[in-house]
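Structure below is final-v7.pdb: PDB, C-alpha atoms and all ligand atoms.
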ATOM      1  CA  MET A   1      32.812  83.144  68.187  1.00  0.00           C
ATOM      2  CA  ARG A   2      29.191  83.812  67.180  1.00  0.00           C
ATOM      3  CA  PRO A   3      28.524  86.434  64.476  1.00  0.00           C
ATOM      4  CA  SER A   4      26.833  88.811  66.975  1.00  0.00           C
ATOM      5  CA  GLY A   5      29.840  88.561  69.306  1.00  0.00           C
ATOM      6  CA  LEU A   6      32.221  89.430  66.424  1.00  0.00           C
ATOM      7  CA  PHE A   7      30.001  92.362  65.526  1.00  0.00           C
ATOM      8  CA  ARG A   8      30.125  93.663  69.124  1.00  0.00           C
ATOM      9  CA  PHE A   9      33.894  93.287  69.141  1.00  0.00           C
ATOM     10  CA  LEU A  10      34.241  95.238  65.877  1.00  0.00           C
ATOM     11  CA  ALA A  11      31.840  97.899  67.180  1.00  0.00           C
ATOM     12  CA  PHE A  12      33.991  98.200  70.312  1.00  0.00           C
ATOM     13  CA  ILE A  13      37.195  98.631  68.226  1.00  0.00           C
ATOM     14  CA  PHE A  14      35.457 101.190  66.036  1.00  0.00           C
ATOM     15  CA  ALA A  15      34.308 103.188  69.086  1.00  0.00           C
ATOM     16  CA  LEU A  16      37.801 103.026  70.601  1.00  0.00           C
ATOM     17  CA  VAL A  17      39.503 104.257  67.404  1.00  0.00           C
ATOM     18  CA  THR A  18      37.032 107.081  66.804  1.00  0.00           C
ATOM     19  CA  SER A  19      37.290 108.305  70.394  1.00  0.00           C
ATOM     20  CA  LEU A  20      41.109 108.191  70.156  1.00  0.00           C
ATOM     21  CA  ILE A  21      40.912 110.274  66.971  1.00  0.00           C
ATOM     22  CA  PHE A  22      38.511 112.650  68.678  1.00  0.00           C
ATOM     23  CA  ILE A  23      40.782 113.045  71.742  1.00  0.00           C
ATOM     24  CA  ARG A  24      43.805 113.604  69.501  1.00  0.00           C
ATOM     25  CA  SER A  25      42.141 116.346  67.504  1.00  0.00           C
ATOM     26  CA  TYR A  26      40.707 117.876  70.679  1.00  0.00           C
ATOM     27  CA  VAL A  27      44.146 117.975  72.298  1.00  0.00           C
ATOM     28  CA  SER A  28      45.799 119.458  69.237  1.00  0.00           C
ATOM     29  CA  PHE A  29      43.020 122.039  69.130  1.00  0.00           C
ATOM     30  CA  ARG A  30      43.798 122.893  72.744  1.00  0.00           C
ATOM     31  CA  MET A  31      47.481 123.212  71.845  1.00  0.00           C
ATOM     32  CA  LYS A  32      46.536 125.618  69.095  1.00  0.00           C
ATOM     33  CA  THR A  33      44.576 127.843  71.452  1.00  0.00           C
ATOM     34  CA  ILE A  34      47.656 128.068  73.703  1.00  0.00           C
ATOM     35  CA  ARG A  35      49.781 129.139  70.769  1.00  0.00           C
ATOM     36  CA  LEU A  36      47.465 132.010  69.841  1.00  0.00           C
ATOM     37  CA  PRO A  37      49.286 135.313  69.350  1.00  0.00           C
ATOM     38  CA  ARG A  38      49.287 137.585  72.404  1.00  0.00           C
ATOM     39  CA  TRP A  39      46.928 140.166  70.891  1.00  0.00           C
ATOM     40  CA  LEU A  40      44.299 137.440  70.517  1.00  0.00           C
ATOM     41  CA  ALA A  41      44.808 135.875  73.907  1.00  0.00           C
ATOM     42  CA  GLY A  42      42.687 138.401  75.800  1.00  0.00           C
ATOM     43  CA  PRO A  43      43.328 141.453  77.972  1.00  0.00           C
ATOM     44  CA  GLY A  44      44.655 139.523  80.997  1.00  0.00           C
ATOM     45  CA  SER A  45      47.830 138.144  79.416  1.00  0.00           C
ATOM     46  CA  ALA A  46      49.728 141.395  78.780  1.00  0.00           C
ATOM     47  CA  LYS A  47      49.367 142.582  82.383  1.00  0.00           C
ATOM     48  CA  LYS A  48      51.611 139.832  83.766  1.00  0.00           C
ATOM     49  CA  ILE A  49      54.643 141.538  82.241  1.00  0.00           C
ATOM     50  CA  GLU A  50      54.052 144.777  84.149  1.00  0.00           C
ATOM     51  CA  VAL A  51      53.988 143.029  87.529  1.00  0.00           C
ATOM     52  CA  VAL A  52      57.797 142.659  87.567  1.00  0.00           C
ATOM     53  CA  LYS A  53      59.070 145.535  89.709  1.00  0.00           C
ATOM     54  CA  ILE A  54      62.696 146.573  89.391  1.00  0.00           C
ATOM     55  CA  LYS A  55      64.504 147.049  92.708  1.00  0.00           C
ATOM     56  CA  CYS A  56      64.754 150.695  93.817  1.00  0.00           C
ATOM     57  CA  ASP A  57      62.882 151.559  90.560  1.00  0.00           C
ATOM     58  CA  LEU A  58      66.095 151.472  88.513  1.00  0.00           C
ATOM     59  CA  SER A  59      65.785 151.965  84.748  1.00  0.00           C
ATOM     60  CA  LYS A  60      66.938 148.345  84.234  1.00  0.00           C
ATOM     61  CA  PRO A  61      67.449 145.406  86.618  1.00  0.00           C
ATOM     62  CA  CYS A  62      70.869 144.445  88.007  1.00  0.00           C
ATOM     63  CA  PRO A  63      72.539 141.117  87.132  1.00  0.00           C
ATOM     64  CA  ASP A  64      72.799 138.311  89.705  1.00  0.00           C
ATOM     65  CA  ASN A  65      75.288 138.999  92.476  1.00  0.00           C
ATOM     66  CA  PHE A  66      74.922 142.766  92.102  1.00  0.00           C
ATOM     67  CA  PHE A  67      73.153 145.114  94.516  1.00  0.00           C
ATOM     68  CA  ALA A  68      70.753 147.721  93.106  1.00  0.00           C
ATOM     69  CA  PHE A  69      70.983 151.215  94.544  1.00  0.00           C
ATOM     70  CA  LYS A  70      69.581 154.691  93.921  1.00  0.00           C
ATOM     71  CA  ILE A  71      70.645 157.908  95.646  1.00  0.00           C
ATOM     72  CA  LEU A  72      68.858 161.253  95.255  1.00  0.00           C
ATOM     73  CA  SER A  73      70.299 164.459  96.644  1.00  0.00           C
ATOM     74  CA  GLY A  74      67.995 167.000  98.221  1.00  0.00           C
ATOM     75  CA  ALA A  75      66.271 169.603  96.052  1.00  0.00           C
ATOM     76  CA  ALA A  76      67.390 173.017  97.352  1.00  0.00           C
ATOM     77  CA  ASN A  77      66.375 173.162 101.050  1.00  0.00           C
ATOM     78  CA  VAL A  78      62.844 171.998 100.246  1.00  0.00           C
ATOM     79  CA  VAL A  79      62.722 168.294  99.353  1.00  0.00           C
ATOM     80  CA  GLY A  80      64.962 165.954 101.320  1.00  0.00           C
ATOM     81  CA  PRO A  81      67.280 163.327  99.792  1.00  0.00           C
ATOM     82  CA  SER A  82      66.726 159.579  99.670  1.00  0.00           C
ATOM     83  CA  ILE A  83      68.932 156.496  99.699  1.00  0.00           C
ATOM     84  CA  CYS A  84      67.598 153.140  98.421  1.00  0.00           C
ATOM     85  CA  PHE A  85      69.603 149.884  98.483  1.00  0.00           C
ATOM     86  CA  GLU A  86      68.325 146.495  97.221  1.00  0.00           C
ATOM     87  CA  ASP A  87      64.773 147.845  97.268  1.00  0.00           C
ATOM     88  CA  HIS A  88      65.135 148.926 100.900  1.00  0.00           C
ATOM     89  CA  MET A  89      64.536 152.667 101.373  1.00  0.00           C
ATOM     90  CA  ILE A  90      67.148 153.328 104.055  1.00  0.00           C
ATOM     91  CA  MET A  91      66.720 157.106 104.348  1.00  0.00           C
ATOM     92  CA  SER A  92      63.987 159.369 102.936  1.00  0.00           C
ATOM     93  CA  PRO A  93      61.740 162.339 103.777  1.00  0.00           C
ATOM     94  CA  VAL A  94      58.836 159.895 104.288  1.00  0.00           C
ATOM     95  CA  LYS A  95      60.895 157.948 106.843  1.00  0.00           C
ATOM     96  CA  ASP A  96      61.752 161.284 108.444  1.00  0.00           C
ATOM     97  CA  ASN A  97      65.355 160.205 109.120  1.00  0.00           C
ATOM     98  CA  ILE A  98      67.242 162.710 106.958  1.00  0.00           C
ATOM     99  CA  GLY A  99      68.790 166.057 107.780  1.00  0.00           C
ATOM    100  CA  ARG A 100      70.494 169.153 106.388  1.00  0.00           C
ATOM    101  CA  GLY A 101      74.091 168.530 105.351  1.00  0.00           C
ATOM    102  CA  LEU A 102      75.295 164.995 104.563  1.00  0.00           C
ATOM    103  CA  ASN A 103      73.143 161.883 104.857  1.00  0.00           C
ATOM    104  CA  ILE A 104      75.159 158.693 105.038  1.00  0.00           C
ATOM    105  CA  ALA A 105      74.139 155.012 105.035  1.00  0.00           C
ATOM    106  CA  LEU A 106      76.573 152.147 105.653  1.00  0.00           C
ATOM    107  CA  VAL A 107      75.765 148.744 104.144  1.00  0.00           C
ATOM    108  CA  ASN A 108      77.506 145.390 104.526  1.00  0.00           C
ATOM    109  CA  GLY A 109      79.082 144.793 101.092  1.00  0.00           C
ATOM    110  CA  SER A 110      78.519 141.027 101.150  1.00  0.00           C
ATOM    111  CA  THR A 111      75.094 140.700 102.778  1.00  0.00           C
ATOM    112  CA  GLY A 112      73.565 144.047 101.784  1.00  0.00           C
ATOM    113  CA  GLN A 113      72.343 144.635 105.332  1.00  0.00           C
ATOM    114  CA  VAL A 114      72.289 148.154 106.751  1.00  0.00           C
ATOM    115  CA  VAL A 115      75.079 148.638 109.285  1.00  0.00           C
ATOM    116  CA  ARG A 116      74.422 152.271 110.276  1.00  0.00           C
ATOM    117  CA  GLN A 117      72.807 155.453 109.048  1.00  0.00           C
ATOM    118  CA  ASP A 118      73.092 159.049 110.177  1.00  0.00           C
ATOM    119  CA  SER A 119      72.935 162.651 109.011  1.00  0.00           C
ATOM    120  CA  PHE A 120      75.469 165.366 109.754  1.00  0.00           C
ATOM    121  CA  ASP A 121      74.644 169.069 109.761  1.00  0.00           C
ATOM    122  CA  MET A 122      77.399 170.644 107.677  1.00  0.00           C
ATOM    123  CA  TYR A 123      76.132 174.220 108.063  1.00  0.00           C
ATOM    124  CA  SER A 124      76.187 174.607 111.824  1.00  0.00           C
ATOM    125  CA  GLY A 125      77.014 171.127 113.198  1.00  0.00           C
ATOM    126  CA  ASP A 126      80.251 169.806 114.691  1.00  0.00           C
ATOM    127  CA  PRO A 127      82.432 168.285 111.916  1.00  0.00           C
ATOM    128  CA  LYS A 128      84.265 166.164 114.517  1.00  0.00           C
ATOM    129  CA  LEU A 129      81.173 163.920 114.726  1.00  0.00           C
ATOM    130  CA  LEU A 130      81.505 163.129 111.022  1.00  0.00           C
ATOM    131  CA  VAL A 131      85.268 162.534 111.342  1.00  0.00           C
ATOM    132  CA  LYS A 132      84.580 160.001 114.088  1.00  0.00           C
ATOM    133  CA  PHE A 133      81.835 158.330 112.008  1.00  0.00           C
ATOM    134  CA  LEU A 134      84.015 158.027 108.882  1.00  0.00           C
ATOM    135  CA  LYS A 135      87.072 156.758 110.772  1.00  0.00           C
ATOM    136  CA  ALA A 136      84.971 153.979 112.336  1.00  0.00           C
ATOM    137  CA  ILE A 137      83.848 152.562 108.964  1.00  0.00           C
ATOM    138  CA  PRO A 138      85.123 148.975 108.737  1.00  0.00           C
ATOM    139  CA  GLU A 139      86.422 147.332 105.563  1.00  0.00           C
ATOM    140  CA  GLY A 140      83.891 145.551 103.354  1.00  0.00           C
ATOM    141  CA  VAL A 141      81.251 148.205 103.970  1.00  0.00           C
ATOM    142  CA  LEU A 142      79.645 150.321 101.247  1.00  0.00           C
ATOM    143  CA  VAL A 143      79.185 154.032 101.998  1.00  0.00           C
ATOM    144  CA  LEU A 144      76.218 155.828 100.392  1.00  0.00           C
ATOM    145  CA  VAL A 145      76.121 159.634 100.635  1.00  0.00           C
ATOM    146  CA  ALA A 146      73.481 162.227  99.691  1.00  0.00           C
ATOM    147  CA  SER A 147      73.743 165.983 100.196  1.00  0.00           C
ATOM    148  CA  TYR A 148      70.870 168.181 101.346  1.00  0.00           C
ATOM    149  CA  ASP A 149      70.789 172.000 101.358  1.00  0.00           C
ATOM    150  CA  ASP A 150      74.402 172.696 102.387  1.00  0.00           C
ATOM    151  CA  PRO A 151      77.074 169.966 102.596  1.00  0.00           C
ATOM    152  CA  GLY A 152      80.071 172.321 102.447  1.00  0.00           C
ATOM    153  CA  THR A 153      80.293 175.066 105.076  1.00  0.00           C
ATOM    154  CA  LYS A 154      81.783 172.873 107.814  1.00  0.00           C
ATOM    155  CA  MET A 155      83.949 170.793 105.464  1.00  0.00           C
ATOM    156  CA  THR A 156      87.501 170.381 106.719  1.00  0.00           C
ATOM    157  CA  ASP A 157      90.674 169.140 105.024  1.00  0.00           C
ATOM    158  CA  GLU A 158      90.536 166.056 107.213  1.00  0.00           C
ATOM    159  CA  LEU A 159      86.978 165.269 106.027  1.00  0.00           C
ATOM    160  CA  ARG A 160      87.910 165.856 102.367  1.00  0.00           C
ATOM    161  CA  LYS A 161      90.780 163.404 102.783  1.00  0.00           C
ATOM    162  CA  LEU A 162      88.568 160.797 104.486  1.00  0.00           C
ATOM    163  CA  PHE A 163      85.989 160.952 101.663  1.00  0.00           C
ATOM    164  CA  SER A 164      88.756 160.860  99.022  1.00  0.00           C
ATOM    165  CA  ASP A 165      90.085 157.703 100.678  1.00  0.00           C
ATOM    166  CA  LEU A 166      86.622 156.163 100.227  1.00  0.00           C
ATOM    167  CA  GLY A 167      86.992 156.749  96.467  1.00  0.00           C
ATOM    168  CA  SER A 168      85.499 160.229  96.030  1.00  0.00           C
ATOM    169  CA  SER A 169      86.817 162.531  93.292  1.00  0.00           C
ATOM    170  CA  TYR A 170      84.799 165.597  94.230  1.00  0.00           C
ATOM    171  CA  ALA A 171      85.055 165.762  98.029  1.00  0.00           C
ATOM    172  CA  ARG A 172      88.141 167.990  97.579  1.00  0.00           C
ATOM    173  CA  GLN A 173      86.041 170.765  96.049  1.00  0.00           C
ATOM    174  CA  LEU A 174      82.747 170.286  97.895  1.00  0.00           C
ATOM    175  CA  GLY A 175      81.477 173.712  98.966  1.00  0.00           C
ATOM    176  CA  PHE A 176      78.539 175.804 100.162  1.00  0.00           C
ATOM    177  CA  ARG A 177      75.196 174.493  98.805  1.00  0.00           C
ATOM    178  CA  ASP A 178      76.745 172.142  96.211  1.00  0.00           C
ATOM    179  CA  SER A 179      74.822 168.992  95.202  1.00  0.00           C
ATOM    180  CA  TRP A 180      76.643 165.697  95.746  1.00  0.00           C
ATOM    181  CA  VAL A 181      75.740 161.991  95.573  1.00  0.00           C
ATOM    182  CA  PHE A 182      78.320 159.268  96.070  1.00  0.00           C
ATOM    183  CA  LEU A 183      78.847 155.551  96.695  1.00  0.00           C
ATOM    184  CA  GLY A 184      82.254 154.409  97.922  1.00  0.00           C
ATOM    185  CA  ALA A 185      84.078 151.976 100.191  1.00  0.00           C
ATOM    186  CA  ARG A 186      87.226 151.946 102.300  1.00  0.00           C
ATOM    187  CA  ASP A 187      88.840 149.093 100.368  1.00  0.00           C
ATOM    188  CA  MET A 188      88.103 150.572  96.940  1.00  0.00           C
ATOM    189  CA  SER A 189      91.390 150.493  95.041  1.00  0.00           C
ATOM    190  CA  ASN A 190      90.495 153.199  92.495  1.00  0.00           C
ATOM    191  CA  LYS A 191      88.191 156.201  92.382  1.00  0.00           C
ATOM    192  CA  SER A 192      84.529 155.208  92.640  1.00  0.00           C
ATOM    193  CA  PRO A 193      82.594 155.154  89.339  1.00  0.00           C
ATOM    194  CA  PHE A 194      79.476 156.056  91.333  1.00  0.00           C
ATOM    195  CA  GLU A 195      79.570 159.797  91.979  1.00  0.00           C
ATOM    196  CA  GLN A 196      77.907 162.973  90.744  1.00  0.00           C
ATOM    197  CA  TYR A 197      78.589 166.547  91.661  1.00  0.00           C
ATOM    198  CA  LEU A 198      77.116 169.950  90.786  1.00  0.00           C
ATOM    199  CA  LYS A 199      78.659 173.180  91.930  1.00  0.00           C
ATOM    200  CA  ASN A 200      76.499 175.985  93.307  1.00  0.00           C
ATOM    201  CA  MET A 201      77.057 178.636  90.618  1.00  0.00           C
ATOM    202  CA  GLY A 202      74.775 181.640  91.106  1.00  0.00           C
ATOM    203  CA  ASN A 203      72.864 182.397  87.919  1.00  0.00           C
ATOM    204  CA  LYS A 204      73.537 178.940  86.406  1.00  0.00           C
ATOM    205  CA  ASN A 205      71.587 177.288  89.207  1.00  0.00           C
ATOM    206  CA  LYS A 206      68.328 175.489  88.503  1.00  0.00           C
ATOM    207  CA  TYR A 207      66.870 176.775  91.763  1.00  0.00           C
ATOM    208  CA  GLU A 208      67.717 180.297  92.853  1.00  0.00           C
ATOM    209  CA  GLY A 209      70.252 179.553  95.575  1.00  0.00           C
ATOM    210  CA  TRP A 210      70.988 175.885  94.766  1.00  0.00           C
ATOM    211  CA  PRO A 211      71.996 173.743  91.768  1.00  0.00           C
ATOM    212  CA  GLU A 212      69.739 170.984  90.471  1.00  0.00           C
ATOM    213  CA  LEU A 213      69.164 167.836  92.496  1.00  0.00           C
ATOM    214  CA  LEU A 214      71.230 164.818  91.455  1.00  0.00           C
ATOM    215  CA  GLU A 215      70.153 161.246  90.857  1.00  0.00           C
ATOM    216  CA  LEU A 216      72.629 158.375  90.934  1.00  0.00           C
ATOM    217  CA  GLU A 217      71.634 154.785  90.250  1.00  0.00           C
ATOM    218  CA  GLY A 218      73.571 151.629  89.517  1.00  0.00           C
ATOM    219  CA  CYS A 219      74.565 148.058  90.326  1.00  0.00           C
ATOM    220  CA  VAL A 220      77.392 147.302  92.790  1.00  0.00           C
ATOM    221  CA  PRO A 221      79.002 143.867  92.697  1.00  0.00           C
ATOM    222  CA  ARG A 222      78.355 141.835  95.847  1.00  0.00           C
ATOM    223  CA  LYS A 223      81.589 141.205  97.700  1.00  0.00           C
ATOM    224  CA  VAL A 224      82.210 137.467  97.892  1.00  0.00           C
ATOM    225  CA  PHE A 225      84.688 136.049 100.347  1.00  0.00           C
TER     226      PHE A 225
HETATM  227  C1  LIG B 301      79.118 141.462 106.865  1.00  0.00           C
HETATM  228  O1  LIG B 301      78.351 140.297 107.050  1.00  0.00           O
HETATM  229  C2  LIG B 301      79.118 139.114 107.202  1.00  0.00           C
HETATM  230  C3  LIG B 301      78.152 137.952 107.271  1.00  0.00           C
HETATM  231  O2  LIG B 301      77.184 138.146 108.270  1.00  0.00           O
HETATM  232  C4  LIG B 301      79.981 139.231 108.418  1.00  0.00           C
HETATM  233  O3  LIG B 301      80.782 138.073 108.556  1.00  0.00           O
HETATM  234  C5  LIG B 301      80.866 140.462 108.297  1.00  0.00           C
HETATM  235  O4  LIG B 301      81.621 140.635 109.469  1.00  0.00           O
HETATM  236  C6  LIG B 301      80.028 141.692 108.042  1.00  0.00           C
HETATM  237  N1  LIG B 301      80.931 142.814 107.821  1.00  0.00           N
HETATM  238  C7  LIG B 301      80.806 143.947 108.467  1.00  0.00           C
HETATM  239  C8  LIG B 301      81.854 144.937 108.191  1.00  0.00           C
HETATM  240  O5  LIG B 301      79.890 144.172 109.245  1.00  0.00           O
END

Reformat the file's structure so that it appears as structure tokens.
Ligand SMILES: *[C@@H]1O[C@H](CO)[C@@H](O)[C@H](O)[C@H]1NC(C)=O
Amino acid sequence: MRPSGLFRFLAFIFALVTSLIFIRSYVSFRMKTIRLPRWLAGPGSAKKIEVVKIKCDLSKPCPDNFFAFKILSGAANVVGPSICFEDHMIMSPVKDNIGRGLNIALVNGSTGQVVRQDSFDMYSGDPKLLVKFLKAIPEGVLVLVASYDDPGTKMTDELRKLFSDLGSSYARQLGFRDSWVFLGARDMSNKSPFEQYLKNMGNKNKYEGWPELLELEGCVPRKVF
């Protein structure tokens, strides 16, 4: 090998080594910029966290294999109730599918799909319609109930028994203009943990002729076969 050829070879090795060192330090510099603390990383990074929306706007998300739900009773006879299940607003004033009395949504307990929904006027309606509706509820179906204005005037012993069989503790005492929100099921072995009730009590009421509206939220385990 001639001296100039050896020199070129050494120059080539030198260039290779220095560029490898340069690439290494460049890459580790890039790694360092990635590891910068969040407050240095710019205004865009913090926003990503807020994008995560919790189903039905619950205060915290449900675990896997649980359904998220939120039920609001009506406020006096002014603002209608709403029933949300797995982020699907089944009944609400905006949807215009609610009514005075009891609003009831039926949901398949394993798929979460809406089976039926209806409202029953408990002030001047025919309670036999509600009896028929409740008796037709199949097993494996979740029953979500929200009161509006007056759920009690047309209550019968038969209806109280039917709701108690779905796991309700308060259906026995439900009366004129009480507030009531409830989630139950036919095959529930015990009383439902998902229920709230406020009695209409004259001067203790939040609104003049009605108690405060109730809000019930939670996570129901998905029924697996
Ligand atoms: C719920 O959905 C499953 C799966 O589609 C179905 O097999 C079952 O019959 C449904 N249950 C009711 C009560 O509709």

task = Taking all atoms listed in the file into account, report as a list of chain:residue names which residues have an atom no farther than 12 Å from an atom of ligand LIG 301 (chain B).
result =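 Checking all atoms listed in the file against ligand LIG 301 (chain B) at 12 Å gives A:Leu106, A:Val107, A:Asn108, A:Gly109, A:Ser110, A:Thr111, A:Gly112, A:Gln113, A:Val114, A:Val115, A:Arg116, A:Ala136, A:Ile137, A:Pro138, A:Glu139, A:Gly140, A:Val141, A:Leu142, A:Val143, A:Ala185, A:Arg186, A:Asp187, A:Arg222, A:Lys223, A:Val224, A:Phe225.
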
key: Test item: the PyMOL selection byres (((chain A and resi 64-75) around 8) and not hetatm) resolved as a PyMOL selection string   = chain A and resi 55-56+58+61-63+76-87+112+144-149+179-182+210+212-222

key: Coordinates-based distance that separates atom CA of A:Thr153 from atom CA of A:Lys128 (Å, one decimal)   =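 Atom-to-atom, atom CA of A:Lys128 and atom CA of A:Thr153 are spaced 13.6 Å apart.
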
inquiry  = Taking all atoms listed in the file into account, name the residue in A:His88, A:Arg177, A:Lys204, A:Lys199 that is nearest to A:Lys154.
reply    =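 Of all the options, A:Arg177 lies closest to A:Lys154.
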
query = How many Å lie between atom CA of A:Ser4 and atom CA of A:Thr18, rounded to one decimal?
reply =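 Interatomic distance here is 20.9 Å.
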
Once 6 Å is added on each side, what centre and edge lengths in Å to one decimal does the axis-aligned box around all listed atoms of stretch 198-210 of chain A have, as JSON?
{"center_x": 72.8, "center_y": 176.2, "center_z": 91.0, "size_x": 23.8, "size_y": 24.4, "size_z": 21.2}

ask   = Which residues match the PyMOL selection byres (((chain A and resi 167-172) around 12) and not hetatm) in the file above, as JSON, numbers by chain?
value = {"A": [102, 142, 143, 144, 145, 147, 151, 152, 155, 156, 157, 158, 159, 160, 161, 162, 163, 164, 165, 166, 173, 174, 175, 178, 179, 180, 181, 182, 183, 184, 185, 186, 187, 188, 189, 190, 191, 192, 193, 194, 195, 196, 197, 198, 199]}

ask   = Interatomic distance between atom CA of A:Glu208 and atom CA of A:Gly99?
value = 20.7 Å

Export: stretch 149-156 of chain A, all heavy atoms, as a compact mmCIF listing (two decimals), in the first residue's frame:
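Saved to decode38.txt:
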# COMPACT_ATOMS: atom_id res chain seq x y z
N ASP A 149 -91.83 14.99 38.70
CA ASP A 149 -93.03 15.67 39.21
C ASP A 149 -93.76 14.80 40.25
O ASP A 149 -93.52 14.95 41.44
CB ASP A 149 -93.95 16.05 38.05
CG ASP A 149 -95.12 16.93 38.49
OD1 ASP A 149 -95.22 17.21 39.70
OD2 ASP A 149 -95.93 17.32 37.63
N ASP A 150 -94.59 13.87 39.81
CA ASP A 150 -95.32 13.04 40.79
C ASP A 150 -95.30 11.56 40.40
O ASP A 150 -95.99 11.15 39.47
CB ASP A 150 -96.77 13.52 40.91
CG ASP A 150 -97.56 12.60 41.82
OD1 ASP A 150 -96.95 11.96 42.70
OD2 ASP A 150 -98.80 12.52 41.64
N PRO A 151 -94.53 10.74 41.12
CA PRO A 151 -94.49 9.31 40.82
C PRO A 151 -95.44 8.49 41.69
O PRO A 151 -95.48 7.26 41.57
CB PRO A 151 -93.04 8.93 41.15
CG PRO A 151 -92.70 9.82 42.31
CD PRO A 151 -93.51 11.10 42.14
N GLY A 152 -96.22 9.15 42.59
CA GLY A 152 -96.87 8.39 43.66
C GLY A 152 -98.38 8.27 43.65
O GLY A 152 -98.92 7.30 44.19
N THR A 153 -99.09 9.24 43.07
CA THR A 153 -100.55 9.27 43.23
C THR A 153 -101.22 7.98 42.78
O THR A 153 -102.10 7.46 43.47
CB THR A 153 -101.14 10.48 42.47
OG1 THR A 153 -100.59 11.67 43.03
CG2 THR A 153 -102.66 10.52 42.59
N LYS A 154 -100.79 7.45 41.64
CA LYS A 154 -101.44 6.23 41.11
C LYS A 154 -100.74 4.95 41.52
O LYS A 154 -101.01 3.88 40.95
CB LYS A 154 -101.51 6.33 39.58
CG LYS A 154 -102.46 7.40 39.08
CD LYS A 154 -103.88 6.89 39.05
CE LYS A 154 -104.82 7.99 38.56
NZ LYS A 154 -106.17 7.48 38.30
N MET A 155 -99.82 5.03 42.48
CA MET A 155 -99.13 3.82 42.95
C MET A 155 -100.13 2.84 43.56
O MET A 155 -101.02 3.24 44.29
CB MET A 155 -98.12 4.20 44.03
CG MET A 155 -96.70 4.28 43.57
SD MET A 155 -96.10 2.65 43.15
CE MET A 155 -94.93 3.10 41.91
N THR A 156 -99.96 1.57 43.24
CA THR A 156 -100.82 0.54 43.82
C THR A 156 -99.95 -0.46 44.58
O THR A 156 -98.73 -0.49 44.39
CB THR A 156 -101.57 -0.22 42.72
OG1 THR A 156 -100.59 -0.86 41.87
CG2 THR A 156 -102.43 0.72 41.87
